[in-house]
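*Asks:* For reference, the structure I am asking about is given below.
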Amino acid sequence: MVYAVFFRNLNLGRRNCPDRRQFEAAFLNAGAGFAESFLTNGTLAFSAVDAHSAQVILAAACAELANVCGLKEPAFLRALPDLARLAALRPFAGVDRSTVYDCYVTFLHQDAVIPAGAALQNSKGDVEVLLVSDLAAMSVVRQLGRSPGSPNLFMEKMLGLPATTRAWNTLLRLLKKYPL
């Protein structure tokens, strides 16, 4: 089965981050059948026999990346069928794209629980969460000032846990590259 891993704050080649070869090698050395970096933002697709094996591979790869380049950022593992179910929800179908900066998916920590009655919009109004699932939060971002809002910052502050965010289009492109 194919899995995707989304690292927080990893950009290939930057300080304390692997280059593409190191990134892919860490997963191959850990037992992945294949490992392929997707873009440069810390997204990688790899194969594993099952969910348990995927977790074991991820843990070993993270240990190697910490040793090789000092990477200490958390990673968020998702099976591609789960991502396909997320995409099938079509959370942005009714959004007029000309009215927003972009649409995003934020992968949440496994212990994340959205507090009952929590505001799903930041105080500035430039991040609005449209849908939350057990896998992620889908948000629209507006640029009201000099820079657009940050759904990652919003979710991390709300939950007190790490998260990582990708443009919605990144998720769709990943699913297109690795069809089920």
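Chain identifiers are assigned as A, B, and so on, following the order in which chains appear in the structure tokens; residues are numbered from 1 within each chain, and ligands are numbered from 1 in order of appearance.
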Need the shell around stretch 83-100 of chain A: protein/DNA/RNA residues with any atom at most 8 Å away, counting only C-alpha atoms. Skip same-chain ones fewer than 3 positions apart. Format as an NGL selection string?
*Replies:* :A and (78-80 or 103 or 130-131 or 135 or 138 or 140-143 or 171-172 or 175)
*Asks:* Generate a file of the selected residues that holds N, CA and C atoms, formatted as a PDB file, in the first residue's frame.
*Replies:*
```
ATOM      1  N   ARG A  78      -0.191   9.353   6.486  1.00  0.00           N
ATOM      2  CA  ARG A  78      -1.549   9.102   6.013  1.00  0.00           C
ATOM      3  C   ARG A  78      -1.502   8.072   4.884  1.00  0.00           C
ATOM      4  N   ALA A  79      -2.430   7.139   4.883  1.00  0.00           N
ATOM      5  CA  ALA A  79      -2.571   6.174   3.787  1.00  0.00           C
ATOM      6  C   ALA A  79      -3.240   6.886   2.612  1.00  0.00           C
ATOM      7  N   LEU A  80      -2.814   6.576   1.401  1.00  0.00           N
ATOM      8  CA  LEU A  80      -3.401   7.236   0.240  1.00  0.00           C
ATOM      9  C   LEU A  80      -4.916   7.026   0.129  1.00  0.00           C
ATOM     10  N   CYS A 103      -6.627  27.572  -0.842  1.00  0.00           N
ATOM     11  CA  CYS A 103      -7.290  26.559  -0.022  1.00  0.00           C
ATOM     12  C   CYS A 103      -6.223  25.600   0.491  1.00  0.00           C
ATOM     13  N   LEU A 130     -13.174  25.304   7.114  1.00  0.00           N
ATOM     14  CA  LEU A 130     -14.471  24.916   6.553  1.00  0.00           C
ATOM     15  C   LEU A 130     -14.910  23.531   6.982  1.00  0.00           C
ATOM     16  N   LEU A 131     -13.932  22.639   7.186  1.00  0.00           N
ATOM     17  CA  LEU A 131     -14.255  21.249   7.491  1.00  0.00           C
ATOM     18  C   LEU A 131     -13.128  20.636   8.303  1.00  0.00           C
ATOM     19  N   LEU A 135      -8.606  13.292  10.080  1.00  0.00           N
ATOM     20  CA  LEU A 135      -7.302  13.352   9.433  1.00  0.00           C
ATOM     21  C   LEU A 135      -6.729  14.757   9.325  1.00  0.00           C
ATOM     22  N   MET A 138      -9.562  21.520   6.770  1.00  0.00           N
ATOM     23  CA  MET A 138      -9.508  22.178   5.468  1.00  0.00           C
ATOM     24  C   MET A 138      -9.925  23.637   5.651  1.00  0.00           C
ATOM     25  N   VAL A 140      -9.794  27.910   4.162  1.00  0.00           N
ATOM     26  CA  VAL A 140      -9.534  28.932   3.155  1.00  0.00           C
ATOM     27  C   VAL A 140      -8.741  30.035   3.838  1.00  0.00           C
ATOM     28  N   VAL A 141      -7.858  30.644   3.068  1.00  0.00           N
ATOM     29  CA  VAL A 141      -7.002  31.704   3.580  1.00  0.00           C
ATOM     30  C   VAL A 141      -7.216  32.939   2.730  1.00  0.00           C
ATOM     31  N   ARG A 142      -7.286  34.058   3.417  1.00  0.00           N
ATOM     32  CA  ARG A 142      -7.403  35.350   2.742  1.00  0.00           C
ATOM     33  C   ARG A 142      -6.162  36.178   3.055  1.00  0.00           C
ATOM     34  N   GLN A 143      -5.856  37.092   2.169  1.00  0.00           N
ATOM     35  CA  GLN A 143      -4.758  38.014   2.420  1.00  0.00           C
ATOM     36  C   GLN A 143      -5.373  39.385   2.688  1.00  0.00           C
ATOM     37  N   LEU A 171      -2.270  18.106  -2.358  1.00  0.00           N
ATOM     38  CA  LEU A 171      -2.920  16.834  -2.064  1.00  0.00           C
ATOM     39  C   LEU A 171      -3.522  16.234  -3.328  1.00  0.00           C
ATOM     40  N   LEU A 172      -4.192  17.051  -4.116  1.00  0.00           N
ATOM     41  CA  LEU A 172      -4.810  16.549  -5.355  1.00  0.00           C
ATOM     42  C   LEU A 172      -3.752  16.056  -6.341  1.00  0.00           C
ATOM     43  N   LEU A 175      -2.418  12.656  -5.181  1.00  0.00           N
ATOM     44  CA  LEU A 175      -3.356  11.577  -5.516  1.00  0.00           C
ATOM     45  C   LEU A 175      -3.357  11.265  -7.008  1.00  0.00           C
TER      46      LEU A 175
END
```
*Asks:* What are the DSSP alpha helix (DSSP H) residues of chain A, as an mmCIF file with N, CA and C atoms, in the first residue's frame?
*Replies:*
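Listing of part.cif after writing:
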```cif
data_model
loop_
_atom_site.group_PDB
_atom_site.id
_atom_site.type_symbol
_atom_site.label_atom_id
_atom_site.label_comp_id
_atom_site.auth_asym_id
_atom_site.auth_seq_id
_atom_site.Cartn_x
_atom_site.Cartn_y
_atom_site.Cartn_z
ATOM 1 N N ARG A 20 17.144 15.738 -1.269
ATOM 2 C CA ARG A 20 16.225 14.731 -1.813
ATOM 3 C C ARG A 20 16.788 13.314 -1.670
ATOM 4 N N ARG A 21 18.050 13.126 -1.972
ATOM 5 C CA ARG A 21 18.658 11.796 -1.893
ATOM 6 C C ARG A 21 18.620 11.264 -0.463
ATOM 7 N N GLN A 22 18.981 12.086 0.511
ATOM 8 C CA GLN A 22 18.958 11.670 1.917
ATOM 9 C C GLN A 22 17.530 11.354 2.382
ATOM 10 N N PHE A 23 16.602 12.174 1.938
ATOM 11 C CA PHE A 23 15.201 12.023 2.329
ATOM 12 C C PHE A 23 14.666 10.670 1.855
ATOM 13 N N GLU A 24 14.838 10.389 0.581
ATOM 14 C CA GLU A 24 14.357 9.134 0.020
ATOM 15 C C GLU A 24 15.118 7.939 0.584
ATOM 16 N N ALA A 25 16.437 8.074 0.732
ATOM 17 C CA ALA A 25 17.266 6.975 1.239
ATOM 18 C C ALA A 25 16.863 6.574 2.657
ATOM 19 N N ALA A 26 16.489 7.531 3.484
ATOM 20 C CA ALA A 26 16.099 7.215 4.859
ATOM 21 C C ALA A 26 14.921 6.245 4.871
ATOM 22 N N PHE A 27 13.970 6.433 3.972
ATOM 23 C CA PHE A 27 12.806 5.554 3.920
ATOM 24 C C PHE A 27 13.145 4.215 3.270
ATOM 25 N N LEU A 28 13.965 4.242 2.240
ATOM 26 C CA LEU A 28 14.385 2.986 1.613
ATOM 27 C C LEU A 28 15.204 2.147 2.593
ATOM 28 N N ASN A 29 16.123 2.793 3.314
ATOM 29 C CA ASN A 29 16.937 2.087 4.310
ATOM 30 C C ASN A 29 16.078 1.522 5.429
ATOM 31 N N ALA A 51 -0.315 -0.732 7.711
ATOM 32 C CA ALA A 51 -0.202 0.478 8.528
ATOM 33 C C ALA A 51 0.864 0.346 9.608
ATOM 34 N N HIS A 52 0.939 -0.819 10.234
ATOM 35 C CA HIS A 52 1.967 -1.018 11.265
ATOM 36 C C HIS A 52 3.368 -0.894 10.655
ATOM 37 N N SER A 53 3.581 -1.541 9.519
ATOM 38 C CA SER A 53 4.881 -1.457 8.838
ATOM 39 C C SER A 53 5.197 -0.017 8.453
ATOM 40 N N ALA A 54 4.186 0.709 8.013
ATOM 41 C CA ALA A 54 4.396 2.112 7.637
ATOM 42 C C ALA A 54 4.863 2.924 8.841
ATOM 43 N N GLN A 55 4.275 2.669 10.012
ATOM 44 C CA GLN A 55 4.687 3.375 11.240
ATOM 45 C C GLN A 55 6.131 3.025 11.606
ATOM 46 N N VAL A 56 6.484 1.745 11.477
ATOM 47 C CA VAL A 56 7.842 1.297 11.798
ATOM 48 C C VAL A 56 8.844 1.946 10.838
ATOM 49 N N ILE A 57 8.505 1.956 9.553
ATOM 50 C CA ILE A 57 9.371 2.583 8.551
ATOM 51 C C ILE A 57 9.529 4.066 8.851
ATOM 52 N N LEU A 58 8.443 4.738 9.156
ATOM 53 C CA LEU A 58 8.509 6.162 9.453
ATOM 54 C C LEU A 58 9.404 6.429 10.662
ATOM 55 N N ALA A 59 9.246 5.664 11.724
ATOM 56 C CA ALA A 59 10.065 5.860 12.926
ATOM 57 C C ALA A 59 11.546 5.669 12.622
ATOM 58 N N ALA A 60 11.876 4.635 11.865
ATOM 59 C CA ALA A 60 13.280 4.380 11.519
ATOM 60 C C ALA A 60 13.823 5.474 10.608
ATOM 61 N N ALA A 61 13.015 5.917 9.654
ATOM 62 C CA ALA A 61 13.450 6.983 8.746
ATOM 63 C C ALA A 61 13.673 8.286 9.512
ATOM 64 N N CYS A 62 12.788 8.588 10.446
ATOM 65 C CA CYS A 62 12.955 9.805 11.259
ATOM 66 C C CYS A 62 14.232 9.744 12.083
ATOM 67 N N ALA A 63 14.534 8.576 12.639
ATOM 68 C CA ALA A 63 15.769 8.415 13.411
ATOM 69 C C ALA A 63 16.987 8.639 12.521
ATOM 70 N N GLU A 64 16.935 8.094 11.302
ATOM 71 C CA GLU A 64 18.064 8.286 10.383
ATOM 72 C C GLU A 64 18.198 9.754 9.982
ATOM 73 N N LEU A 65 17.092 10.417 9.710
ATOM 74 C CA LEU A 65 17.136 11.830 9.322
ATOM 75 C C LEU A 65 17.644 12.707 10.460
ATOM 76 N N ALA A 66 17.311 12.362 11.686
ATOM 77 C CA ALA A 66 17.835 13.108 12.838
ATOM 78 C C ALA A 66 19.344 12.926 12.929
ATOM 79 N N ASN A 67 19.804 11.709 12.671
ATOM 80 C CA ASN A 67 21.231 11.414 12.738
ATOM 81 C C ASN A 67 22.002 12.048 11.582
ATOM 82 N N VAL A 68 21.453 11.975 10.372
ATOM 83 C CA VAL A 68 22.148 12.453 9.176
ATOM 84 C C VAL A 68 22.191 13.979 9.090
ATOM 85 N N CYS A 69 21.074 14.621 9.392
ATOM 86 C CA CYS A 69 21.040 16.075 9.173
ATOM 87 C C CYS A 69 20.483 16.875 10.346
ATOM 88 N N LEU A 80 -2.814 6.576 1.401
ATOM 89 C CA LEU A 80 -3.401 7.236 0.240
ATOM 90 C C LEU A 80 -4.916 7.026 0.129
ATOM 91 N N PRO A 81 -5.461 5.845 0.452
ATOM 92 C CA PRO A 81 -6.922 5.721 0.395
ATOM 93 C C PRO A 81 -7.630 6.704 1.344
ATOM 94 N N ASP A 82 -7.025 6.974 2.494
ATOM 95 C CA ASP A 82 -7.605 7.953 3.420
ATOM 96 C C ASP A 82 -7.559 9.355 2.820
ATOM 97 N N LEU A 83 -6.468 9.671 2.132
ATOM 98 C CA LEU A 83 -6.367 10.974 1.471
ATOM 99 C C LEU A 83 -7.378 11.086 0.335
ATOM 100 N N ALA A 84 -7.598 9.981 -0.357
ATOM 101 C CA ALA A 84 -8.597 9.989 -1.433
ATOM 102 C C ALA A 84 -9.996 10.233 -0.867
ATOM 103 N N ARG A 85 -10.295 9.643 0.288
ATOM 104 C CA ARG A 85 -11.593 9.889 0.937
ATOM 105 C C ARG A 85 -11.716 11.354 1.354
ATOM 106 N N LEU A 86 -10.616 11.918 1.806
ATOM 107 C CA LEU A 86 -10.603 13.338 2.171
ATOM 108 C C LEU A 86 -10.891 14.198 0.940
ATOM 109 N N ALA A 87 -10.241 13.893 -0.167
ATOM 110 C CA ALA A 87 -10.456 14.645 -1.408
ATOM 111 C C ALA A 87 -11.895 14.492 -1.893
ATOM 112 N N ALA A 88 -12.470 13.314 -1.692
ATOM 113 C CA ALA A 88 -13.843 13.061 -2.144
ATOM 114 C C ALA A 88 -14.870 13.904 -1.386
ATOM 115 N N PRO A 151 -2.974 28.898 8.266
ATOM 116 C CA PRO A 151 -3.799 27.878 8.905
ATOM 117 C C PRO A 151 -2.998 26.996 9.857
ATOM 118 N N ASN A 152 -1.722 26.807 9.578
ATOM 119 C CA ASN A 152 -0.890 25.975 10.450
ATOM 120 C C ASN A 152 -0.745 26.629 11.820
ATOM 121 N N LEU A 153 -0.411 27.895 11.827
ATOM 122 C CA LEU A 153 -0.267 28.631 13.081
ATOM 123 C C LEU A 153 -1.587 28.634 13.851
ATOM 124 N N PHE A 154 -2.674 28.866 13.152
ATOM 125 C CA PHE A 154 -3.995 28.894 13.783
ATOM 126 C C PHE A 154 -4.307 27.561 14.461
ATOM 127 N N MET A 155 -4.109 26.460 13.748
ATOM 128 C CA MET A 155 -4.430 25.145 14.306
ATOM 129 C C MET A 155 -3.484 24.776 15.449
ATOM 130 N N GLU A 156 -2.202 25.083 15.306
ATOM 131 C CA GLU A 156 -1.262 24.758 16.380
ATOM 132 C C GLU A 156 -1.587 25.539 17.659
ATOM 133 N N LYS A 157 -1.940 26.811 17.513
ATOM 134 C CA LYS A 157 -2.315 27.595 18.696
ATOM 135 C C LYS A 157 -3.594 27.060 19.330
ATOM 136 N N MET A 158 -4.579 26.726 18.509
ATOM 137 C CA MET A 158 -5.852 26.228 19.033
ATOM 138 C C MET A 158 -5.667 24.905 19.767
ATOM 139 N N LEU A 159 -4.868 24.015 19.193
ATOM 140 C CA LEU A 159 -4.757 22.656 19.712
ATOM 141 C C LEU A 159 -3.600 22.447 20.684
ATOM 142 N N TRP A 168 -4.131 22.720 -0.907
ATOM 143 C CA TRP A 168 -5.064 21.662 -1.304
ATOM 144 C C TRP A 168 -4.638 21.036 -2.627
ATOM 145 N N ASN A 169 -4.152 21.866 -3.529
ATOM 146 C CA ASN A 169 -3.717 21.372 -4.832
ATOM 147 C C ASN A 169 -2.569 20.364 -4.697
ATOM 148 N N THR A 170 -1.728 20.502 -3.680
ATOM 149 C CA THR A 170 -0.646 19.536 -3.454
ATOM 150 C C THR A 170 -1.231 18.163 -3.185
ATOM 151 N N LEU A 171 -2.270 18.106 -2.358
ATOM 152 C CA LEU A 171 -2.920 16.834 -2.064
ATOM 153 C C LEU A 171 -3.522 16.234 -3.328
ATOM 154 N N LEU A 172 -4.192 17.051 -4.116
ATOM 155 C CA LEU A 172 -4.810 16.549 -5.355
ATOM 156 C C LEU A 172 -3.752 16.056 -6.341
ATOM 157 N N ARG A 173 -2.659 16.779 -6.455
ATOM 158 C CA ARG A 173 -1.564 16.356 -7.350
ATOM 159 C C ARG A 173 -0.927 15.057 -6.871
ATOM 160 N N LEU A 174 -0.780 14.899 -5.568
ATOM 161 C CA LEU A 174 -0.228 13.669 -5.002
ATOM 162 C C LEU A 174 -1.122 12.485 -5.349
ATOM 163 N N LEU A 175 -2.418 12.656 -5.181
ATOM 164 C CA LEU A 175 -3.356 11.577 -5.516
ATOM 165 C C LEU A 175 -3.357 11.265 -7.008
ATOM 166 N N LYS A 176 -3.164 12.264 -7.828
ATOM 167 C CA LYS A 176 -3.106 12.022 -9.279
ATOM 168 C C LYS A 176 -1.843 11.259 -9.657
ATOM 169 N N LYS A 177 -0.743 11.562 -8.985
ATOM 170 C CA LYS A 177 0.521 10.891 -9.298
ATOM 171 C C LYS A 177 0.528 9.436 -8.829
#
```
*Asks:* Excluding same-chain residues fewer than 2 positions from A:Ser147, what lies within 12 Å of it counting only C-alpha atoms, as a VMD selection string?
*Replies:* chain A and resid 101 124 126 to 127 141 to 145 149 to 150
*Asks:* Tell me, as a PyMOL selection string, which residues lie within 6 Å of A:Phe46, counting only C-alpha atoms; anything in the same chain fewer than 6 positions away does not count.
*Replies:* chain A and resi 2-3+34-35
*Asks:* Expressed in Å to a single decimal, how great is the separation between atom CA of A:His109 and atom CA of A:Ala45?
*Replies:*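 According to the coordinates, atom CA of A:His109 and atom CA of A:Ala45 are separated by 18.8 Å.
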*Asks:* I'd like the interatomic distance between atom CA of A:Ser37 and atom CA of A:Ala136, to a tenth of an Å.
*Replies:*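 Between atom CA of A:Ser37 and atom CA of A:Ala136 the gap works out to 20.9 Å.
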*Asks:* Would you return as a VMD selection string the members of stretch 3-171 of chain A that DSSP assigns to strand (DSSP E) on this structure's backbone?
*Replies:* chain A and resid 3 to 7 35 to 38 43 to 47 75 to 79 102 to 108 127 to 132 136 to 141 163 to 167
*Asks:* Can you tell me which residues surround A:Val5 at a distance of at most 8 Å, considering only C-alpha atoms, apart from same-chain residues fewer than 2 positions away, and format the answer as a compact mmCIF listing (two decimals) with N, CA and C atoms, in the first residue's frame?
*Replies:*
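selection_31.txt written:
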```
# COMPACT_ATOMS: atom_id res chain seq x y z
N TYR A 3 1.67 5.09 1.12
CA TYR A 3 1.44 6.04 2.19
C TYR A 3 2.09 7.36 1.82
N PHE A 7 5.99 16.16 6.51
CA PHE A 7 6.80 16.66 7.61
C PHE A 7 6.50 18.13 7.85
N GLY A 42 8.81 18.63 2.05
CA GLY A 42 8.73 17.61 3.09
C GLY A 42 7.59 16.64 2.92
N THR A 43 7.14 16.45 1.70
CA THR A 43 6.10 15.46 1.40
C THR A 43 6.77 14.31 0.67
N LEU A 44 6.46 13.08 1.09
CA LEU A 44 7.08 11.91 0.49
C LEU A 44 6.05 10.79 0.41
N ALA A 45 6.05 10.08 -0.70
CA ALA A 45 5.22 8.89 -0.87
C ALA A 45 6.12 7.67 -0.74
N ALA A 75 6.34 14.31 11.87
CA ALA A 75 5.83 13.84 10.57
C ALA A 75 4.42 13.31 10.77
N PHE A 76 3.61 13.48 9.74
CA PHE A 76 2.20 13.08 9.78
C PHE A 76 1.97 12.07 8.67
N LEU A 77 1.67 10.85 9.07
CA LEU A 77 1.53 9.72 8.14
C LEU A 77 0.06 9.52 7.78
N ARG A 78 -0.19 9.35 6.49
CA ARG A 78 -1.55 9.10 6.01
C ARG A 78 -1.50 8.07 4.88
```
*Asks:* To one decimal place in Å, what is the distance between atom CA of A:Thr106 and atom CA of A:Asp19?
*Replies:*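 Taking atom CA of A:Thr106 as the start and atom CA of A:Asp19 as the end point, the length is 23.6 Å.
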